[in-house]
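Asker: Below you'll find final_4.txt; it's compact mmCIF, C-alpha atoms.
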# COMPACT_ATOMS: atom_id res chain seq x y z
CA MET A 1067 -29.94 98.68 32.43
CA LYS A 1068 -31.27 102.16 33.02
CA ILE A 1069 -34.21 101.91 35.43
CA ALA A 1070 -36.75 104.38 36.82
CA MET A 1071 -38.83 103.89 40.00
CA ILE A 1072 -42.15 105.75 40.31
CA GLY A 1073 -44.86 105.48 42.98
CA HIS A 1074 -43.19 105.83 46.37
CA LYS A 1075 -43.19 108.97 48.54
CA ARG A 1076 -39.42 109.24 48.97
CA ILE A 1077 -36.34 107.23 49.74
CA PRO A 1078 -34.70 106.74 52.14
CA SER A 1079 -37.83 106.41 54.26
CA ARG A 1080 -39.93 104.03 56.34
CA GLU A 1081 -43.18 105.94 55.76
CA GLY A 1082 -44.73 102.81 54.32
CA GLY A 1083 -44.03 99.44 52.80
CA ILE A 1084 -43.69 100.84 49.28
CA GLU A 1085 -40.86 103.11 50.35
CA ILE A 1086 -38.98 100.21 51.94
CA VAL A 1087 -39.47 98.06 48.83
CA VAL A 1088 -38.31 100.76 46.41
CA GLU A 1089 -35.26 101.56 48.53
CA SER A 1090 -34.32 97.90 49.01
CA LEU A 1091 -34.59 97.10 45.31
CA SER A 1092 -33.01 100.31 44.02
CA VAL A 1093 -29.93 100.20 46.24
CA ARG A 1094 -29.22 96.57 45.37
CA MET A 1095 -29.75 97.15 41.65
CA ALA A 1096 -27.39 100.13 41.74
CA ALA A 1097 -24.79 98.02 43.56
CA LYS A 1098 -24.98 95.50 40.70
CA GLY A 1099 -24.03 98.21 38.21
CA HIS A 1100 -27.45 99.29 36.94
CA SER A 1101 -28.38 102.97 36.63
CA VAL A 1102 -31.39 103.55 38.89
CA THR A 1103 -33.38 106.77 39.32
CA ALA A 1104 -36.02 107.10 42.03
CA TYR A 1105 -38.63 109.82 41.52
CA ASN A 1106 -39.26 111.15 45.05
CA ARG A 1107 -42.21 113.32 45.97
CA ARG A 1108 -41.17 116.75 47.18
CA GLY A 1109 -42.75 117.65 50.51
CA LYS A 1110 -42.67 117.06 54.23
CA HIS A 1111 -41.83 113.71 55.75
CA VAL A 1112 -44.95 112.25 57.37
CA SER A 1113 -43.09 111.33 60.54
CA GLY A 1114 -40.47 113.96 61.15
CA GLY A 1115 -41.66 117.08 59.35
CA LYS A 1116 -38.30 117.51 57.62
CA SER A 1117 -37.84 117.98 53.90
CA VAL A 1118 -35.58 115.37 52.37
CA LYS A 1119 -33.34 116.89 49.69
CA LEU A 1120 -31.00 114.36 48.14
CA LYS A 1121 -29.53 113.98 44.68
CA ASN A 1122 -27.94 110.60 45.29
CA TYR A 1123 -28.55 107.86 47.84
CA LYS A 1124 -26.25 104.81 47.94
CA GLY A 1125 -25.72 104.95 44.20
CA VAL A 1126 -29.38 105.68 43.37
CA ARG A 1127 -30.07 108.94 41.56
CA ILE A 1128 -32.83 110.95 43.25
CA LYS A 1129 -35.18 113.21 41.30
CA SER A 1130 -37.59 115.34 43.34
CA VAL A 1131 -41.05 115.84 41.87
CA PRO A 1132 -43.17 118.81 43.01
CA THR A 1133 -46.72 118.00 44.08
CA PHE A 1134 -49.48 119.15 46.42
CA GLU A 1135 -49.31 118.55 50.17
CA ASN A 1136 -52.97 117.50 50.10
CA GLY A 1137 -53.00 113.76 50.79
CA LYS A 1138 -55.69 112.97 48.22
CA LEU A 1139 -54.19 115.02 45.40
CA ASN A 1140 -50.42 114.61 45.75
CA ALA A 1141 -50.38 111.09 44.30
CA VAL A 1142 -52.32 112.20 41.21
CA VAL A 1143 -50.15 115.24 40.44
CA TYR A 1144 -46.94 113.37 41.30
CA SER A 1145 -47.81 110.46 38.99
CA VAL A 1146 -48.44 112.74 36.03
CA ILE A 1147 -45.29 114.85 36.47
CA ALA A 1148 -42.98 111.95 37.32
CA THR A 1149 -44.14 109.97 34.28
CA PHE A 1150 -43.65 112.89 31.89
CA LEU A 1151 -40.16 113.46 33.29
CA ALA A 1152 -39.32 109.77 32.94
CA LEU A 1153 -40.32 109.78 29.26
CA PHE A 1154 -37.19 111.80 28.49
CA GLY A 1155 -34.83 109.85 30.74
CA GLY A 1156 -33.79 107.25 28.20
CA TYR A 1157 -34.84 104.39 30.48
CA ASP A 1158 -34.87 100.74 29.51
CA VAL A 1159 -37.67 100.09 31.99
CA ILE A 1160 -39.98 102.19 34.17
CA HIS A 1161 -41.21 100.39 37.27
CA PHE A 1162 -44.49 101.75 38.67
CA HIS A 1163 -45.43 100.94 42.27
CA ALA A 1164 -49.02 100.91 43.61
CA GLU A 1165 -52.37 101.38 41.89
CA GLY A 1166 -52.55 105.19 41.90
CA PRO A 1167 -49.27 105.86 40.07
CA CYS A 1168 -50.13 103.08 37.59
CA SER A 1169 -52.79 105.43 36.19
CA MET A 1170 -50.02 106.84 33.97
CA ILE A 1171 -48.44 103.55 32.87
CA TRP A 1172 -50.11 103.77 29.45
CA LEU A 1173 -48.00 106.78 28.47
CA PRO A 1174 -44.49 105.23 28.45
CA ARG A 1175 -46.02 102.10 26.92
CA LEU A 1176 -47.32 104.32 24.10
CA PHE A 1177 -43.74 105.48 23.51
CA GLY A 1178 -42.42 101.92 23.43
CA ILE A 1179 -40.72 102.04 26.83
CA ARG A 1180 -40.85 98.77 28.78
CA THR A 1181 -43.09 99.05 31.86
CA VAL A 1182 -43.42 96.93 34.99
CA ALA A 1183 -46.13 97.43 37.62
CA THR A 1184 -46.08 96.19 41.20
CA ILE A 1185 -49.48 96.14 42.90
CA HIS A 1186 -48.71 96.31 46.61
CA GLY A 1187 -52.35 95.82 47.54
CA LEU A 1188 -55.87 96.66 46.37
CA ASP A 1189 -55.66 100.21 47.65
CA TRP A 1190 -59.22 101.18 46.71
CA GLN A 1191 -60.48 98.85 49.46
CA ARG A 1192 -58.80 100.86 52.20
CA ALA A 1193 -61.10 102.79 54.53
CA LYS A 1194 -59.32 106.15 54.16
CA TRP A 1195 -60.28 106.48 50.50
CA GLY A 1196 -63.61 107.43 48.98
CA GLY A 1197 -65.20 109.24 46.04
CA PHE A 1198 -62.69 110.49 43.50
CA ALA A 1199 -59.75 108.77 45.21
CA THR A 1200 -61.37 105.34 44.92
CA LYS A 1201 -62.20 105.89 41.24
CA PHE A 1202 -58.65 107.06 40.59
CA LEU A 1203 -57.18 103.96 42.25
CA LYS A 1204 -59.46 101.61 40.31
CA PHE A 1205 -58.50 103.41 37.11
CA GLY A 1206 -54.83 102.88 37.95
CA GLU A 1207 -55.55 99.22 38.58
CA ARG A 1208 -57.19 98.85 35.15
CA MET A 1209 -54.29 100.64 33.46
CA ALA A 1210 -51.80 98.29 35.13
CA ALA A 1211 -53.79 95.24 34.05
CA LYS A 1212 -54.10 96.50 30.48
CA HIS A 1213 -50.79 98.22 29.74
CA ALA A 1214 -48.01 96.85 31.99
CA ASP A 1215 -45.55 94.65 30.11
CA GLU A 1216 -45.19 92.67 33.34
CA LEU A 1217 -47.41 92.75 36.42
CA ILE A 1218 -46.04 91.84 39.86
CA VAL A 1219 -48.28 91.11 42.87
CA LEU A 1220 -47.41 90.43 46.50
CA SER A 1221 -49.96 87.74 47.35
CA GLU A 1222 -51.67 84.79 45.73
CA GLY A 1223 -55.03 86.39 46.53
CA THR A 1224 -54.16 89.47 44.46
CA ARG A 1225 -52.88 87.23 41.71
CA GLU A 1226 -56.21 85.41 41.57
CA TYR A 1227 -58.07 88.76 41.65
CA PHE A 1228 -56.31 90.04 38.52
CA LYS A 1229 -56.86 86.75 36.72
CA LYS A 1230 -60.56 86.69 37.58
CA THR A 1231 -61.27 90.40 37.08
CA TYR A 1232 -59.09 91.22 34.08
CA SER A 1233 -58.00 87.80 32.73
CA ARG A 1234 -54.49 89.09 33.38
CA ASP A 1235 -51.58 86.85 34.35
CA SER A 1236 -49.23 88.19 37.00
CA LEU A 1237 -46.08 87.22 38.85
CA PHE A 1238 -45.97 86.61 42.58
CA ILE A 1239 -42.78 88.16 43.95
CA PRO A 1240 -42.95 88.83 47.71
CA ASN A 1241 -41.28 91.51 49.78
CA GLY A 1242 -38.07 90.76 51.64
CA VAL A 1243 -36.10 91.35 54.82
CA ASP A 1244 -32.47 91.78 55.84
CA SER A 1245 -30.81 89.67 58.52
CA ARG A 1246 -30.71 91.36 61.92
CA GLU A 1247 -28.77 90.75 65.13
CA TYR A 1248 -30.42 91.02 68.55
CA ILE A 1249 -30.36 94.46 70.24
CA GLU A 1250 -30.78 94.92 74.00
CA PRO A 1251 -33.60 97.24 75.23
CA ASN A 1252 -31.53 100.37 75.91
CA ILE A 1253 -33.27 103.26 74.12
CA ILE A 1254 -36.76 101.95 74.83
CA LYS A 1255 -35.93 101.38 78.49
CA LYS A 1256 -34.74 104.96 78.92
CA LYS A 1257 -37.56 106.57 76.90
CA TYR A 1258 -40.55 104.41 77.86
CA GLY A 1259 -39.46 102.19 80.76
CA LEU A 1260 -39.83 99.05 78.65
CA GLU A 1261 -38.19 95.76 79.61
CA LYS A 1262 -37.66 92.63 77.51
CA ASP A 1263 -40.95 90.68 77.15
CA GLY A 1264 -42.77 93.39 79.09
CA TYR A 1265 -45.05 94.63 76.31
CA ILE A 1266 -47.29 93.80 73.36
CA LEU A 1267 -46.27 95.63 70.18
CA PHE A 1268 -48.32 97.19 67.40
CA LEU A 1269 -45.95 98.69 64.83
CA ALA A 1270 -47.65 100.03 61.72
CA ARG A 1271 -49.24 103.18 60.35
CA ILE A 1272 -52.20 104.41 62.41
CA VAL A 1273 -54.91 104.04 59.77
CA PRO A 1274 -58.33 102.34 60.01
CA GLU A 1275 -57.51 99.27 57.91
CA LYS A 1276 -54.71 98.23 60.29
CA GLY A 1277 -57.36 97.42 62.93
CA LEU A 1278 -55.68 99.11 65.90
CA HIS A 1279 -59.09 99.84 67.42
CA TYR A 1280 -59.72 96.09 67.76
CA LEU A 1281 -56.44 95.66 69.61
CA ILE A 1282 -57.03 98.51 72.05
CA GLU A 1283 -60.55 97.28 72.82
CA ALA A 1284 -59.31 93.73 73.42
CA PHE A 1285 -56.29 94.85 75.45
CA LYS A 1286 -58.38 97.01 77.80
CA LYS A 1287 -60.42 93.93 78.75
CA MET A 1288 -57.31 92.06 79.88
CA SER A 1289 -55.88 92.09 83.38
CA LEU A 1290 -52.15 91.66 82.92
CA ASP A 1291 -48.90 93.35 83.79
CA LYS A 1292 -47.92 93.88 80.15
CA LYS A 1293 -47.98 97.23 78.39
CA LEU A 1294 -49.29 97.89 74.91
CA VAL A 1295 -46.87 99.85 72.74
CA ILE A 1296 -48.33 101.61 69.69
CA ALA A 1297 -45.54 102.63 67.33
CA GLY A 1298 -46.39 104.32 64.05
CA GLY A 1299 -47.07 107.56 62.23
CA VAL A 1300 -50.36 108.96 60.99
CA SER A 1301 -51.06 108.90 57.25
CA HIS A 1302 -54.13 110.74 55.85
CA SER A 1303 -56.19 109.65 58.88
CA SER A 1304 -55.90 112.34 61.54
CA GLU A 1305 -59.54 111.87 62.59
CA TYR A 1306 -58.97 108.17 63.13
CA ALA A 1307 -55.78 108.89 65.09
CA ALA A 1308 -57.75 111.24 67.36
CA GLU A 1309 -60.35 108.51 67.95
CA ILE A 1310 -57.57 106.05 68.81
CA ARG A 1311 -56.08 108.47 71.35
CA LYS A 1312 -59.50 108.83 72.94
CA MET A 1313 -59.94 105.05 73.11
CA ALA A 1314 -56.54 104.57 74.74
CA ASP A 1315 -57.60 105.78 78.20
CA ASP A 1316 -55.41 103.22 79.93
CA ASN A 1317 -52.08 104.03 81.59
CA ARG A 1318 -50.64 100.74 80.27
CA ILE A 1319 -50.84 102.03 76.67
CA ILE A 1320 -47.80 103.87 75.29
CA PHE A 1321 -47.67 105.85 72.02
CA THR A 1322 -44.17 106.27 70.59
CA GLY A 1323 -45.05 107.95 67.30
CA PHE A 1324 -42.96 107.09 64.23
CA VAL A 1325 -39.82 105.10 65.09
CA GLU A 1326 -36.72 104.13 63.12
CA GLY A 1327 -33.13 103.00 63.59
CA ASP A 1328 -32.08 101.17 66.75
CA GLU A 1329 -35.26 102.20 68.57
CA LEU A 1330 -37.34 100.38 65.96
CA TRP A 1331 -35.29 97.19 66.17
CA GLU A 1332 -35.22 97.27 69.97
CA LEU A 1333 -39.02 97.32 69.96
CA PHE A 1334 -39.17 94.28 67.66
CA PHE A 1335 -36.52 92.20 69.39
CA ASN A 1336 -37.80 92.70 72.93
CA CYS A 1337 -41.60 92.52 72.65
CA ARG A 1338 -43.45 89.56 74.16
CA LEU A 1339 -46.00 89.55 71.32
CA TYR A 1340 -46.41 91.40 68.02
CA VAL A 1341 -50.03 91.93 66.93
CA LEU A 1342 -51.23 92.99 63.47
CA PRO A 1343 -55.08 93.01 63.52
CA SER A 1344 -55.57 94.33 59.96
CA ASP A 1345 -58.78 94.15 57.94
CA ILE A 1346 -56.83 94.61 54.69
CA GLU A 1347 -53.17 94.11 53.80
CA GLY A 1348 -51.01 93.95 50.72
CA MET A 1349 -47.96 92.17 52.05
CA PRO A 1350 -47.06 93.64 55.46
CA LEU A 1351 -43.33 94.30 55.69
CA THR A 1352 -43.54 94.99 59.42
CA LEU A 1353 -44.89 91.46 59.92
CA LEU A 1354 -41.99 90.03 57.92
CA GLU A 1355 -39.59 92.09 60.05
CA ALA A 1356 -41.26 90.95 63.28
CA MET A 1357 -41.00 87.31 62.19
CA ASN A 1358 -37.37 87.87 61.19
CA CYS A 1359 -36.62 89.27 64.66
CA GLY A 1360 -38.09 86.18 66.31
CA CYS A 1361 -41.30 87.77 67.58
CA GLU A 1362 -44.34 85.71 68.48
CA CYS A 1363 -46.87 87.05 65.96
CA LEU A 1364 -50.66 87.20 66.15
CA VAL A 1365 -52.50 88.33 63.02
CA SER A 1366 -56.05 88.54 61.69
CA ASP A 1367 -57.01 85.51 59.62
CA ILE A 1368 -56.75 87.14 56.20
CA GLU A 1369 -54.84 85.46 53.39
CA THR A 1370 -52.14 88.10 53.05
CA THR A 1371 -51.02 87.85 56.69
CA LYS A 1372 -51.51 84.11 57.25
CA SER A 1373 -49.47 83.37 54.12
CA VAL A 1374 -46.54 85.18 55.74
CA THR A 1375 -46.73 83.59 59.19
CA GLY A 1376 -47.42 80.10 57.87
CA GLU A 1377 -47.13 77.50 60.62
CA TYR A 1378 -45.07 79.83 62.78
CA GLY A 1379 -47.70 82.39 63.80
CA TYR A 1380 -51.12 82.65 65.44
CA ALA A 1381 -54.37 84.00 63.96
CA PHE A 1382 -57.69 85.33 65.26
CA LYS A 1383 -60.99 85.97 63.50
CA LYS A 1384 -60.78 89.29 61.64
CA GLY A 1385 -62.60 92.06 63.49
CA ASP A 1386 -63.53 89.82 66.45
CA THR A 1387 -62.20 91.58 69.54
CA GLU A 1388 -63.27 88.80 71.89
CA ASP A 1389 -61.39 86.19 69.86
CA LEU A 1390 -58.41 88.55 69.75
CA ARG A 1391 -58.48 88.89 73.56
CA GLN A 1392 -58.69 85.13 74.05
CA LYS A 1393 -55.82 84.44 71.64
CA MET A 1394 -53.60 87.04 73.32
CA GLU A 1395 -54.27 85.55 76.75
CA GLU A 1396 -53.56 82.02 75.49
CA ILE A 1397 -50.23 83.07 73.99
CA LEU A 1398 -49.14 85.14 76.99
CA ASN A 1399 -50.01 82.36 79.45
CA GLN A 1400 -47.75 79.81 77.80
CA PRO A 1401 -43.94 79.69 77.50
CA LYS A 1402 -42.36 81.41 74.50
CA ARG A 1403 -41.66 79.06 71.64
CA ASP A 1404 -38.19 78.57 70.19
CA LYS A 1405 -37.95 80.79 67.10
CA THR A 1406 -34.90 79.31 65.36
CA LYS A 1407 -36.93 77.58 62.64
CA GLN A 1408 -39.17 80.63 62.17
CA ILE A 1409 -36.20 82.91 61.55
CA GLU A 1410 -34.61 80.37 59.21
CA TYR A 1411 -37.90 80.07 57.27
CA ILE A 1412 -38.17 83.86 56.80
CA ARG A 1413 -34.55 84.30 55.72
CA GLN A 1414 -34.72 81.44 53.24
CA ASN A 1415 -37.99 82.55 51.62
CA TYR A 1416 -37.84 86.35 51.85
CA SER A 1417 -34.28 87.32 50.93
CA TRP A 1418 -33.96 90.77 49.36
CA GLU A 1419 -31.02 89.54 47.30
CA GLU A 1420 -33.10 86.79 45.67
CA ILE A 1421 -36.10 89.11 45.21
CA THR A 1422 -33.87 91.69 43.50
CA GLN A 1423 -32.54 89.05 41.11
CA ARG A 1424 -36.06 87.91 40.27
CA THR A 1425 -37.17 91.49 39.63
CA LEU A 1426 -34.19 92.09 37.32
CA ARG A 1427 -35.13 88.96 35.36
CA VAL A 1428 -38.62 90.44 34.91
CA TYR A 1429 -37.07 93.65 33.56
CA LYS A 1430 -34.97 91.75 31.04
CA SER A 1431 -37.49 89.15 29.92
CA ASP A 1432 -40.19 89.61 27.28
CA LYS A 1433 -42.00 86.60 28.71
CA PHE A 1434 -42.68 85.27 32.18
CA ASP A 1435 -39.81 83.27 33.66
CA LYS A 1436 -41.26 79.77 33.94
CA SER A 1437 -39.69 79.33 37.37
CA ASP A 1438 -41.70 82.30 38.66
CA LYS A 1439 -45.10 81.15 37.42
Since I need it in another form, could you write the structure as structure tokens?

Answerer:
Amino acid sequence: MKIAMIGHKRIPSREGGIEIVVESLSVRMAAKGHSVTAYNRRGKHVSGGKSVKLKNYKGVRIKSVPTFENGKLNAVVYSVIATFLALFGGYDVIHFHAEGPCSMIWLPRLFGIRTVATIHGLDWQRAKWGGFATKFLKFGERMAAKHADELIVLSEGTREYFKKTYSRDSLFIPNGVDSREYIEPNIIKKKYGLEKDGYILFLARIVPEKGLHYLIEAFKKMSLDKKLVIAGGVSHSSEYAAEIRKMADDNRIIFTGFVEGDELWELFFNCRLYVLPSDIEGMPLTLLEAMNCGCECLVSDIETTKSVTGEYGYAFKKGDTEDLRQKMEEILNQPKRDKTKQIEYIRQNYSWEEITQRTLRVYKSDKFDKSDK
């Protein structure tokens, strides 16, 4: 098949979950002999400030789409231009990712091109958006519900939302992870003085909905010899990031900024506890990766995180810093649990290879695959 991917910022990249999903699917589809084109946004990388100029990545054709640097406008302009370009690409299917880019899904449908939409989360709920941006995201959501030939969601809660709100059936196809081997704490020891099991890890974008402020507040109330490592880039929320820096007036708190490569995996494999205190999530890839690396994981008690951890993680009451503090102390004061079954559970249920195959079946089928209902 000839496939187009629209909606991510750019690949290769770890700027967000959407970028990881698009890269993981596209590379595997290309390896299976399909022709895949990813429509990257042209601009600066949120973490490194470097322009990424590629024409091909691991068999995936890269098309760069010009757009504004303004965080609230680039998605709108990008979606329009990328969709118009894709109309003339001779694609068998155009796969739109996220609510904003889905605002243009009606156009290829009008031309008889097969369309698939993946809703990675209800983006209009996120704290960084407001006004026009929220209306634009809700419009994209409605377009996906009305015009997508197939609609993919990442949680049962989102599936129920589309059924209740739009009477629209959807497919639940989760995100995935790759198998990883343990890495000793070398880079992180040299750069930050971190030892195995010597720190609590928050690894996610520094945006309000991730709930980092709850974690810092709870951590500062604890008397322990662990450090708190905050690893992540800033996305459209510079004011919030400044507030977080002001809150973090504790010499036990370390900011690494955006991390990738071996440094990223060292942080996962060697933390004593991974905490994701989000108010809102789609399906957090970093949580899947933490589980896959054998981390003890503590999350807020929202459906989209608890469904990932299952019986293998811990949960606290969303937004309750006192409950968060108590749960962290309980976990840290008991021996680490054996994680063999946790890792096996993640690798059996969240394999990128299986998820790619399921997605390809959605591309080819005019009806839902009964096994995926």

Asker: So which residues touch Arg1271 in chain A within 8 Å, counting all atoms listed in the file, skipping near sequence neighbours fewer than 6 positions away, as an mmCIF file with C-alpha atoms, keeping the file's coordinate frame?

Answerer:
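Final output, saved to out-v9.cif:
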data_model
loop_
_atom_site.group_PDB
_atom_site.id
_atom_site.type_symbol
_atom_site.label_atom_id
_atom_site.label_comp_id
_atom_site.auth_asym_id
_atom_site.auth_seq_id
_atom_site.Cartn_x
_atom_site.Cartn_y
_atom_site.Cartn_z
ATOM 1 C CA GLY A 1082 -44.730 102.810 54.320
ATOM 2 C CA ALA A 1297 -45.540 102.630 67.330
ATOM 3 C CA GLY A 1298 -46.390 104.320 64.050
ATOM 4 C CA GLY A 1299 -47.070 107.560 62.230
ATOM 5 C CA VAL A 1300 -50.360 108.960 60.990
ATOM 6 C CA SER A 1301 -51.060 108.900 57.250
#

Asker: Could you check which of A:Ser1245, A:Thr1425, A:Ser1344, A:Asn1106 is closest to Cys1359 in chain A, using only C-alpha atoms?

Answerer: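 Looking only at the distances to Cys1359 in chain A, the closest residue turns out to be A:Ser1245.
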
Asker: From the set A:Gly1348, A:Pro1401, A:Gly1379, A:Pro1251, which residue has the shortest atom-to-atom contact distance to Leu1333 in chain A, counting only C-alpha atoms?

Answerer: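 Of the candidates, the smallest distance to Leu1333 in chain A is held by A:Pro1251.
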
Asker: Please, what distance in Å, to one decimal, runs between CA of Lys1229 in chain A and CA of Ile1084 in chain A?

Answerer: 23.0 Å

Asker: Write out as a tab-separated table the residues of range 1319-1425 of chain A that have any atom within 12 Å of an atom of range 1277-1295 of chain A, one row each with the nearest atom pair and its distance in Å to one decimal, counting only C-alpha atoms, sorted by chain and then rising number.

Answerer:
residue	atom	partner	partner_atom	distance
A:Ile1319	CA	A:Leu1294	CA	4.8
A:Ile1320	CA	A:Val1295	CA	4.9
A:Phe1321	CA	A:Val1295	CA	6.1
A:Thr1322	CA	A:Val1295	CA	7.3
A:Gly1323	CA	A:Val1295	CA	9.9
A:Phe1324	CA	A:Val1295	CA	11.8
A:Val1325	CA	A:Val1295	CA	11.7
A:Leu1330	CA	A:Val1295	CA	11.7
A:Leu1333	CA	A:Val1295	CA	8.7
A:Phe1334	CA	A:Val1295	CA	10.8
A:Asn1336	CA	A:Val1295	CA	11.6
A:Cys1337	CA	A:Val1295	CA	9.0
A:Arg1338	CA	A:Lys1292	CA	8.6
A:Leu1339	CA	A:Leu1294	CA	9.7
A:Tyr1340	CA	A:Val1295	CA	9.7
A:Val1341	CA	A:Leu1281	CA	7.9
A:Leu1342	CA	A:Gly1277	CA	7.6
A:Pro1343	CA	A:Gly1277	CA	5.0
A:Ser1344	CA	A:Gly1277	CA	4.6
A:Asp1345	CA	A:Gly1277	CA	6.1
A:Ile1346	CA	A:Gly1277	CA	8.7
A:Glu1347	CA	A:Gly1277	CA	10.6
A:Leu1364	CA	A:Leu1281	CA	10.8
A:Val1365	CA	A:Gly1277	CA	10.3
A:Ser1366	CA	A:Gly1277	CA	9.1
A:Phe1382	CA	A:Tyr1280	CA	11.2
A:Lys1383	CA	A:Tyr1280	CA	11.1
A:Lys1384	CA	A:Gly1277	CA	8.9
A:Gly1385	CA	A:Tyr1280	CA	6.5
A:Asp1386	CA	A:Tyr1280	CA	7.5
A:Thr1387	CA	A:Ala1284	CA	5.3
A:Glu1388	CA	A:Ala1284	CA	6.5
A:Asp1389	CA	A:Ala1284	CA	8.6
A:Leu1390	CA	A:Ala1284	CA	6.4
A:Arg1391	CA	A:Ala1284	CA	4.9
A:Gln1392	CA	A:Ala1284	CA	8.6
A:Lys1393	CA	A:Ala1284	CA	10.1
A:Met1394	CA	A:Phe1285	CA	8.5
A:Glu1395	CA	A:Met1288	CA	7.8
A:Glu1396	CA	A:Met1288	CA	11.6
A:Leu1398	CA	A:Leu1290	CA	9.3
A:Asn1399	CA	A:Leu1290	CA	10.2

Asker: One decimal, Å: what's the distance from CA of Arg1403 in chain A over to CA of Asp1328 in chain A, could you say?

Answerer: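 Distance between the two atoms: 24.6 Å.
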
Asker: May I have the residues within 8 Å of Ser1079 in chain A as number ranges by chain, using all atoms listed in the file and disregarding those fewer than 5 positions away in the same chain?

Answerer: A: 1085-1086, 1089

Asker: Under the rule that all atoms listed in the file are counted, which of A:Gln1423, A:Asn1317, A:Thr1181, A:Asn1358 is the nearest residue to Gln1408 in chain A?

Answerer: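 Looking only at the distances to Gln1408 in chain A, the closest residue turns out to be A:Asn1358.
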
Asker: CA of Lys1430 in chain A and CA of Lys1121 in chain A, how far apart in Å?

Answerer: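 Those two atoms sit 26.6 Å apart.
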
Asker: Contacts of Ser1304 in chain A at 10 Å or less, counting all atoms listed in the file, minus same-chain residues fewer than 6 places along, as a compact mmCIF listing (two decimals) with C-alpha atoms, in the frame of the given file?

Answerer:
# COMPACT_ATOMS: atom_id res chain seq x y z
CA ILE A 1272 -52.20 104.41 62.41
CA VAL A 1273 -54.91 104.04 59.77
CA ILE A 1310 -57.57 106.05 68.81

Asker: Given all atoms listed in the file as the basis, pick out the residue of A:Asp1316, A:Glu1329, A:Glu1377, A:Asp1244 nearest to Ser1417 in chain A.

Answerer: A:Asp1244

Asker: Taking all atoms listed in the file into account, which of A:Ser1221, A:Val1243, A:Val1088, A:Lys1276 comes nearest Gln1414 in chain A?

Answerer: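 Ranking A:Ser1221, A:Val1243, A:Val1088, A:Lys1276 by distance to Gln1414 in chain A, first place goes to A:Val1243.
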